[in-house]
Structure formats: C-alpha cells, structure tokens
$ cat coords_21.pdb   # PDB, C-alpha atoms
ATOM      1  CA  MET A   1      90.818 117.375  96.708  1.00  0.00           C
ATOM      2  CA  THR A   2      90.346 115.396  93.516  1.00  0.00           C
ATOM      3  CA  ASP A   3      87.397 113.399  92.249  1.00  0.00           C
ATOM      4  CA  ASP A   4      89.048 110.107  93.153  1.00  0.00           C
ATOM      5  CA  LEU A   5      90.594 110.670  96.621  1.00  0.00           C
ATOM      6  CA  ILE A   6      90.107 112.754  99.740  1.00  0.00           C
ATOM      7  CA  ALA A   7      93.016 112.778 102.206  1.00  0.00           C
ATOM      8  CA  TYR A   8      93.179 114.363 105.653  1.00  0.00           C
ATOM      9  CA  PRO A   9      94.761 113.769 109.086  1.00  0.00           C
ATOM     10  CA  SER A  10      92.845 111.652 111.581  1.00  0.00           C
ATOM     11  CA  THR A  11      90.720 113.458 114.118  1.00  0.00           C
ATOM     12  CA  PHE A  12      91.882 111.023 116.786  1.00  0.00           C
ATOM     13  CA  ILE A  13      95.607 110.609 115.973  1.00  0.00           C
ATOM     14  CA  PRO A  14      96.745 113.519 113.768  1.00  0.00           C
ATOM     15  CA  LYS A  15      99.934 111.711 112.622  1.00  0.00           C
ATOM     16  CA  LEU A  16      97.668 109.086 111.049  1.00  0.00           C
ATOM     17  CA  ASN A  17      96.259 109.783 107.578  1.00  0.00           C
ATOM     18  CA  ILE A  18      92.766 109.082 106.314  1.00  0.00           C
ATOM     19  CA  ASN A  19      92.322 108.360 102.606  1.00  0.00           C
ATOM     20  CA  VAL A  20      88.807 108.091 101.232  1.00  0.00           C
ATOM     21  CA  ILE A  21      89.109 106.367  97.860  1.00  0.00           C
ATOM     22  CA  PHE A  22      86.453 106.557  95.151  1.00  0.00           C
ATOM     23  CA  LYS A  23      85.899 104.279  92.147  1.00  0.00           C
ATOM     24  CA  GLU A  24      87.451 106.879  89.812  1.00  0.00           C
ATOM     25  CA  ASN A  25      90.817 106.253  91.487  1.00  0.00           C
ATOM     26  CA  PRO A  26      92.999 103.994  89.305  1.00  0.00           C
ATOM     27  CA  ASN A  27      93.852 101.891  92.393  1.00  0.00           C
ATOM     28  CA  TYR A  28      90.202 101.415  93.417  1.00  0.00           C
ATOM     29  CA  PRO A  29      89.781  97.930  91.871  1.00  0.00           C
ATOM     30  CA  GLN A  30      92.684  96.621  93.996  1.00  0.00           C
ATOM     31  CA  MET A  31      91.480  98.477  97.081  1.00  0.00           C
ATOM     32  CA  LYS A  32      87.935  97.164  96.553  1.00  0.00           C
ATOM     33  CA  GLU A  33      89.248  93.644  97.139  1.00  0.00           C
ATOM     34  CA  TYR A  34      90.470  94.749 100.589  1.00  0.00           C
ATOM     35  CA  PHE A  35      87.209  96.569 101.353  1.00  0.00           C
ATOM     36  CA  ASP A  36      85.288  93.422 100.421  1.00  0.00           C
ATOM     37  CA  MET A  37      87.425  91.401 102.862  1.00  0.00           C
ATOM     38  CA  MET A  38      87.685  93.927 105.699  1.00  0.00           C
ATOM     39  CA  GLY A  39      84.617  96.127 105.500  1.00  0.00           C
ATOM     40  CA  TYR A  40      84.108  99.847 104.970  1.00  0.00           C
ATOM     41  CA  GLY A  41      87.634 100.725 105.974  1.00  0.00           C
ATOM     42  CA  PHE A  42      90.898  99.288 107.136  1.00  0.00           C
ATOM     43  CA  LEU A  43      94.137 100.364 108.745  1.00  0.00           C
ATOM     44  CA  ALA A  44      97.411  99.969 106.847  1.00  0.00           C
ATOM     45  CA  THR A  45      99.944 100.489 109.630  1.00  0.00           C
ATOM     46  CA  GLU A  46     102.917 100.403 107.263  1.00  0.00           C
ATOM     47  CA  PHE A  47     101.531 103.509 105.544  1.00  0.00           C
ATOM     48  CA  LYS A  48     100.169 105.113 108.749  1.00  0.00           C
ATOM     49  CA  THR A  49      96.903 105.365 106.850  1.00  0.00           C
ATOM     50  CA  ILE A  50      93.285 104.332 107.236  1.00  0.00           C
ATOM     51  CA  PHE A  51      91.661 103.666 103.877  1.00  0.00           C
ATOM     52  CA  LEU A  52      87.899 104.215 103.617  1.00  0.00           C
ATOM     53  CA  ASP A  53      85.712 103.048 100.737  1.00  0.00           C
ATOM     54  CA  GLY A  54      84.423 106.333  99.338  1.00  0.00           C
ATOM     55  CA  GLU A  55      81.678 104.619  97.412  1.00  0.00           C
ATOM     56  CA  ASN A  56      79.779 104.186 100.697  1.00  0.00           C
ATOM     57  CA  PHE A  57      79.515 107.968 100.982  1.00  0.00           C
ATOM     58  CA  ILE A  58      77.810 108.510  97.622  1.00  0.00           C
ATOM     59  CA  GLY A  59      74.186 108.018  96.688  1.00  0.00           C
ATOM     60  CA  GLU A  60      70.774 107.832  98.250  1.00  0.00           C
ATOM     61  CA  ASP A  61      71.693 105.342 101.007  1.00  0.00           C
ATOM     62  CA  SER A  62      75.121 106.824 101.635  1.00  0.00           C
ATOM     63  CA  PHE A  63      76.881 106.983 104.965  1.00  0.00           C
ATOM     64  CA  THR A  64      76.940 110.240 106.869  1.00  0.00           C
ATOM     65  CA  PHE A  65      79.819 112.196 108.374  1.00  0.00           C
ATOM     66  CA  ASP A  66      78.994 110.543 111.717  1.00  0.00           C
ATOM     67  CA  ASP A  67      79.277 107.108 110.084  1.00  0.00           C
ATOM     68  CA  MET A  68      82.647 108.052 108.608  1.00  0.00           C
ATOM     69  CA  LYS A  69      83.927 109.169 112.026  1.00  0.00           C
ATOM     70  CA  PHE A  70      82.662 105.916 113.595  1.00  0.00           C
ATOM     71  CA  ILE A  71      84.599 103.872 111.016  1.00  0.00           C
ATOM     72  CA  GLU A  72      87.701 106.028 111.567  1.00  0.00           C
ATOM     73  CA  ALA A  73      87.432 105.731 115.381  1.00  0.00           C
ATOM     74  CA  HIS A  74      86.952 101.953 115.084  1.00  0.00           C
ATOM     75  CA  GLU A  75      90.135 101.562 113.014  1.00  0.00           C
ATOM     76  CA  VAL A  76      92.114 103.918 115.283  1.00  0.00           C
ATOM     77  CA  SER A  77      90.983 101.830 118.259  1.00  0.00           C
ATOM     78  CA  HIS A  78      92.471  98.701 116.671  1.00  0.00           C
ATOM     79  CA  LEU A  79      95.781 100.549 116.513  1.00  0.00           C
ATOM     80  CA  ILE A  80      95.615 101.874 120.081  1.00  0.00           C
ATOM     81  CA  LEU A  81      94.580  98.480 121.439  1.00  0.00           C
ATOM     82  CA  GLY A  82      97.444  96.732 119.655  1.00  0.00           C
ATOM     83  CA  HIS A  83      95.327  94.407 117.526  1.00  0.00           C
ATOM     84  CA  ASN A  84      97.670  92.827 114.997  1.00  0.00           C
ATOM     85  CA  GLY A  85      96.998  90.286 112.304  1.00  0.00           C
ATOM     86  CA  PRO A  86      93.638  88.687 111.634  1.00  0.00           C
ATOM     87  CA  ARG A  87      90.948  90.207 113.840  1.00  0.00           C
ATOM     88  CA  SER A  88      88.917  88.114 116.236  1.00  0.00           C
ATOM     89  CA  GLU A  89      85.343  88.855 117.277  1.00  0.00           C
ATOM     90  CA  GLU A  90      86.731  90.037 120.625  1.00  0.00           C
ATOM     91  CA  ASP A  91      89.037  92.472 118.759  1.00  0.00           C
ATOM     92  CA  GLU A  92      86.025  93.835 116.868  1.00  0.00           C
ATOM     93  CA  ILE A  93      84.015  94.321 120.063  1.00  0.00           C
ATOM     94  CA  GLU A  94      86.959  96.059 121.707  1.00  0.00           C
ATOM     95  CA  ALA A  95      87.452  98.315 118.669  1.00  0.00           C
ATOM     96  CA  ASP A  96      83.796  99.388 118.796  1.00  0.00           C
ATOM     97  CA  LEU A  97      84.095 100.085 122.523  1.00  0.00           C
ATOM     98  CA  GLY A  98      87.274 102.056 121.894  1.00  0.00           C
ATOM     99  CA  ALA A  99      85.488 103.955 119.134  1.00  0.00           C
ATOM    100  CA  TYR A 100      82.747 104.865 121.601  1.00  0.00           C
ATOM    101  CA  ILE A 101      85.365 106.276 123.983  1.00  0.00           C
ATOM    102  CA  LEU A 102      87.092 108.262 121.214  1.00  0.00           C
ATOM    103  CA  LEU A 103      83.855 109.628 119.779  1.00  0.00           C
ATOM    104  CA  THR A 104      82.607 110.635 123.222  1.00  0.00           C
ATOM    105  CA  LYS A 105      85.919 112.301 124.057  1.00  0.00           C
ATOM    106  CA  HIS A 106      85.616 114.404 120.875  1.00  0.00           C
ATOM    107  CA  ASN A 107      81.907 115.191 121.399  1.00  0.00           C
ATOM    108  CA  MET A 108      80.900 113.232 118.304  1.00  0.00           C
ATOM    109  CA  SER A 109      77.815 111.130 117.757  1.00  0.00           C
ATOM    110  CA  THR A 110      77.777 107.563 119.073  1.00  0.00           C
ATOM    111  CA  GLU A 111      74.234 106.806 117.928  1.00  0.00           C
ATOM    112  CA  ARG A 112      75.174 104.632 114.927  1.00  0.00           C
ATOM    113  CA  LEU A 113      77.634 102.671 117.052  1.00  0.00           C
ATOM    114  CA  LYS A 114      75.061 102.021 119.788  1.00  0.00           C
ATOM    115  CA  ASP A 115      72.332 101.219 117.250  1.00  0.00           C
ATOM    116  CA  GLU A 116      74.519  98.702 115.387  1.00  0.00           C
ATOM    117  CA  PHE A 117      76.349  97.159 118.352  1.00  0.00           C
ATOM    118  CA  GLU A 118      73.979  94.265 119.048  1.00  0.00           C
ATOM    119  CA  HIS A 119      73.621  93.458 115.348  1.00  0.00           C
ATOM    120  CA  ARG A 120      77.415  93.469 114.947  1.00  0.00           C
ATOM    121  CA  HIS A 121      78.289  91.592 118.130  1.00  0.00           C
ATOM    122  CA  GLY A 122      75.229  89.713 119.391  1.00  0.00           C
ATOM    123  CA  VAL A 123      75.055  91.587 122.701  1.00  0.00           C
ATOM    124  CA  PRO A 124      73.427  94.929 123.475  1.00  0.00           C
ATOM    125  CA  PHE A 125      75.678  97.928 124.055  1.00  0.00           C
ATOM    126  CA  SER A 126      76.139  99.017 127.647  1.00  0.00           C
ATOM    127  CA  GLU A 127      78.650 101.382 129.176  1.00  0.00           C
ATOM    128  CA  GLU A 128      79.692  98.613 131.605  1.00  0.00           C
ATOM    129  CA  LEU A 129      81.347  96.898 128.619  1.00  0.00           C
ATOM    130  CA  LEU A 130      83.769  99.831 128.401  1.00  0.00           C
ATOM    131  CA  ASP A 131      85.692  98.329 131.340  1.00  0.00           C
ATOM    132  CA  LYS A 132      87.175  95.885 128.780  1.00  0.00           C
ATOM    133  CA  VAL A 133      89.159  98.693 127.133  1.00  0.00           C
ATOM    134  CA  ASN A 134      89.145 101.799 129.347  1.00  0.00           C
ATOM    135  CA  ASP A 135      92.623 101.244 130.742  1.00  0.00           C
ATOM    136  CA  ARG A 136      94.143 100.653 127.281  1.00  0.00           C
ATOM    137  CA  MET A 137      92.675 103.648 125.458  1.00  0.00           C
ATOM    138  CA  LEU A 138      94.390 107.058 125.195  1.00  0.00           C
TER     139      LEU A 138
END

$ encode --input "coords_21.pdb" --output "structure tokens"
Amino acid sequence: MTDDLIAYPSTFIPKLNINVIFKENPNYPQMKEYFDMMGYGFLATEFKTIFLDGENFIGEDSFTFDDMKFIEAHEVSHLILGHNGPRSEEDEIEADLGAYILLTKHNMSTERLKDEFEHRHGVPFSEELLDKVNDRML
C-alpha cells in the first residue's frame, strides 16, 4: 500500500481489481474528471478494474467500509447485468438491486443502499423490486 493508491481484488468477482485512488496519485487530476462525471466509482472493463475516489474515504464526513462495499457491489452489478455504454436510470436502479443481492449474499450491510434508494431513484426500496434482476445475477 502506498499513500496514493490501494489495490485489491473484488470481494464479488476476484478476477476484478479495485483501485482506490487518492489525490496524491499523479493520475488523480485526470481520474477526478471521471469521478465528477460518473460518481464515487466507475468500472473500466478494459482494465478489469473498478476505480474508487479515495478522497471520499478521508475526513470527518468520510464514507465507511460498508459504503465502499456498496459502491463496489453497484459497479460489479453493472458488469454482471451487461450494462454497456451510457447508463440509463433503469440501469442505475438495476445496479443498486444487484448490489443488494451481492451484499446480502456476502453477509454485508445493505443499510446505506436501502436508506439512499428512494433519494437516488424516486421510489422506495422493496424486496419485490429484486424480481427485475434476480434471474440475471450470479
């Protein structure tokens, strides 16, 4: 581990890498542009890597480990569900539902996901929504 990057295999798909990049990394200014467009993290399929903005995990209002795993599970769900190109609102809902399935399967917290679901998607979370993705998840 260095001060500018943490790298590890995904909890959900071990052949997929997770890179948490901090502002000390010389590539952070370029990566920040992508984080600003895509959110806290994004999947780069050509590199088999999910990049997370490490700056969200530092400071008083920083994200927790559970938040980090939610972001990872969300991005992995996009991959599993075959979402390519620009993401629609439906893709984002499906990725959150897929994340719920992955987190539950690995006995990880789903509280942040459930708490944020309505704010993110305009509808309250319910397990009935999982029918949209159940058959396409691992």

$ axis_aligned_box --input "coords_21.pdb" --around "region 80-87 of chain A" --padding-each-side "6 Å" --output "JSON"
{"center_x": 94.3, "center_y": 95.3, "center_z": 116.5, "size_x": 18.7, "size_y": 25.2, "size_z": 21.8}

$ resolve_selection --input "coords_21.pdb" --expression "the PyMOL selection byres ((chain A and resi 63-71) around 7)" --output "list in words"
Gly41, Asn56, Phe57, Asp61, Ser62, Glu72, Ala73, His74, Glu75, Ala99, Ser109, Arg112 and Leu113 of chain A

$ closest_residue --input "coords_21.pdb" --among "A:Ser88, A:Pro9, A:Val133, A:Val123" --to "Leu102 (chain A)" --atoms "only C-alpha atoms"
A:Val133

$ atom_distance --input "coords_21.pdb" --atom1 "CA of Leu16 (chain A)" --atom2 "CA of Phe117 (chain A)"
25.5 Å

$ closest_residue --input "coords_21.pdb" --among "A:Met31, A:Leu129, A:Leu79, A:Leu52" --to "Ile6 (chain A)" --atoms "all atoms listed in the file"
A:Leu52

$ residues_near_point --input "coords_21.pdb" --point "(94.0, 105.5, 102.7)" --cutoff "10 Å" --atoms "all atoms listed in the file" --output "list in words"
Leu5, Ile6, Ala7, Tyr8, Leu16, Asn17, Ile18, Asn19, Val20, Ile21, Met31, Gly41, Phe42, Leu43, Ala44, Phe47, Lys48, Thr49, Ile50, Phe51, Leu52 and Asp53 of chain A

$ residues_near_point --input "coords_21.pdb" --point "(91.3, 93.6, 116.1)" --cutoff "12 Å" --atoms "all atoms listed in the file" --output "ChimeraX atom specification"
/A:38,42-43,74-98

$ write_last_selection --input "coords_21.pdb" --atoms "C-alpha atoms" --output "CSV table (one decimal), in the frame of the given file"
chain,number,residue,atom,x,y,z
A,38,MET,CA,87.7,93.9,105.7
A,42,PHE,CA,90.9,99.3,107.1
A,43,LEU,CA,94.1,100.4,108.7
A,74,HIS,CA,87.0,102.0,115.1
A,75,GLU,CA,90.1,101.6,113.0
A,76,VAL,CA,92.1,103.9,115.3
A,77,SER,CA,91.0,101.8,118.3
A,78,HIS,CA,92.5,98.7,116.7
A,79,LEU,CA,95.8,100.5,116.5
A,80,ILE,CA,95.6,101.9,120.1
A,81,LEU,CA,94.6,98.5,121.4
A,82,GLY,CA,97.4,96.7,119.7
A,83,HIS,CA,95.3,94.4,117.5
A,84,ASN,CA,97.7,92.8,115.0
A,85,GLY,CA,97.0,90.3,112.3
A,86,PRO,CA,93.6,88.7,111.6
A,87,ARG,CA,90.9,90.2,113.8
A,88,SER,CA,88.9,88.1,116.2
A,89,GLU,CA,85.3,88.9,117.3
A,90,GLU,CA,86.7,90.0,120.6
A,91,ASP,CA,89.0,92.5,118.8
A,92,GLU,CA,86.0,93.8,116.9
A,93,ILE,CA,84.0,94.3,120.1
A,94,GLU,CA,87.0,96.1,121.7
A,95,ALA,CA,87.5,98.3,118.7
A,96,ASP,CA,83.8,99.4,118.8
A,97,LEU,CA,84.1,100.1,122.5
A,98,GLY,CA,87.3,102.1,121.9

$ closest_residue --input "coords_21.pdb" --among "A:Glu46, A:Glu128, A:Glu55, A:Glu118" --to "Lys32 (chain A)" --atoms "only C-alpha atoms"
A:Glu55

$ atom_distance --input "coords_21.pdb" --atom1 "CA of Tyr40 (chain A)" --atom2 "CA of Glu116 (chain A)"
14.2 Å

$ atom_distance --input "coords_21.pdb" --atom1 "CA of Gly54 (chain A)" --atom2 "CA of Thr104 (chain A)"
24.3 Å

$ closest_residue --input "coords_21.pdb" --among "A:Ile101, A:Phe22, A:Lys114, A:Asn107" --to "Asp131 (chain A)" --atoms "all atoms listed in the file"
A:Ile101

$ closest_residue --input "coords_21.pdb" --among "A:Lys15, A:Lys23, A:Arg136, A:His121" --to "Ile58 (chain A)" --atoms "only C-alpha atoms"
A:Lys23

$ closest_residue --input "coords_21.pdb" --among "A:Gln30, A:Met37, A:Tyr100, A:Asp4" --to "Ser126 (chain A)" --atoms "all atoms listed in the file"
A:Tyr100
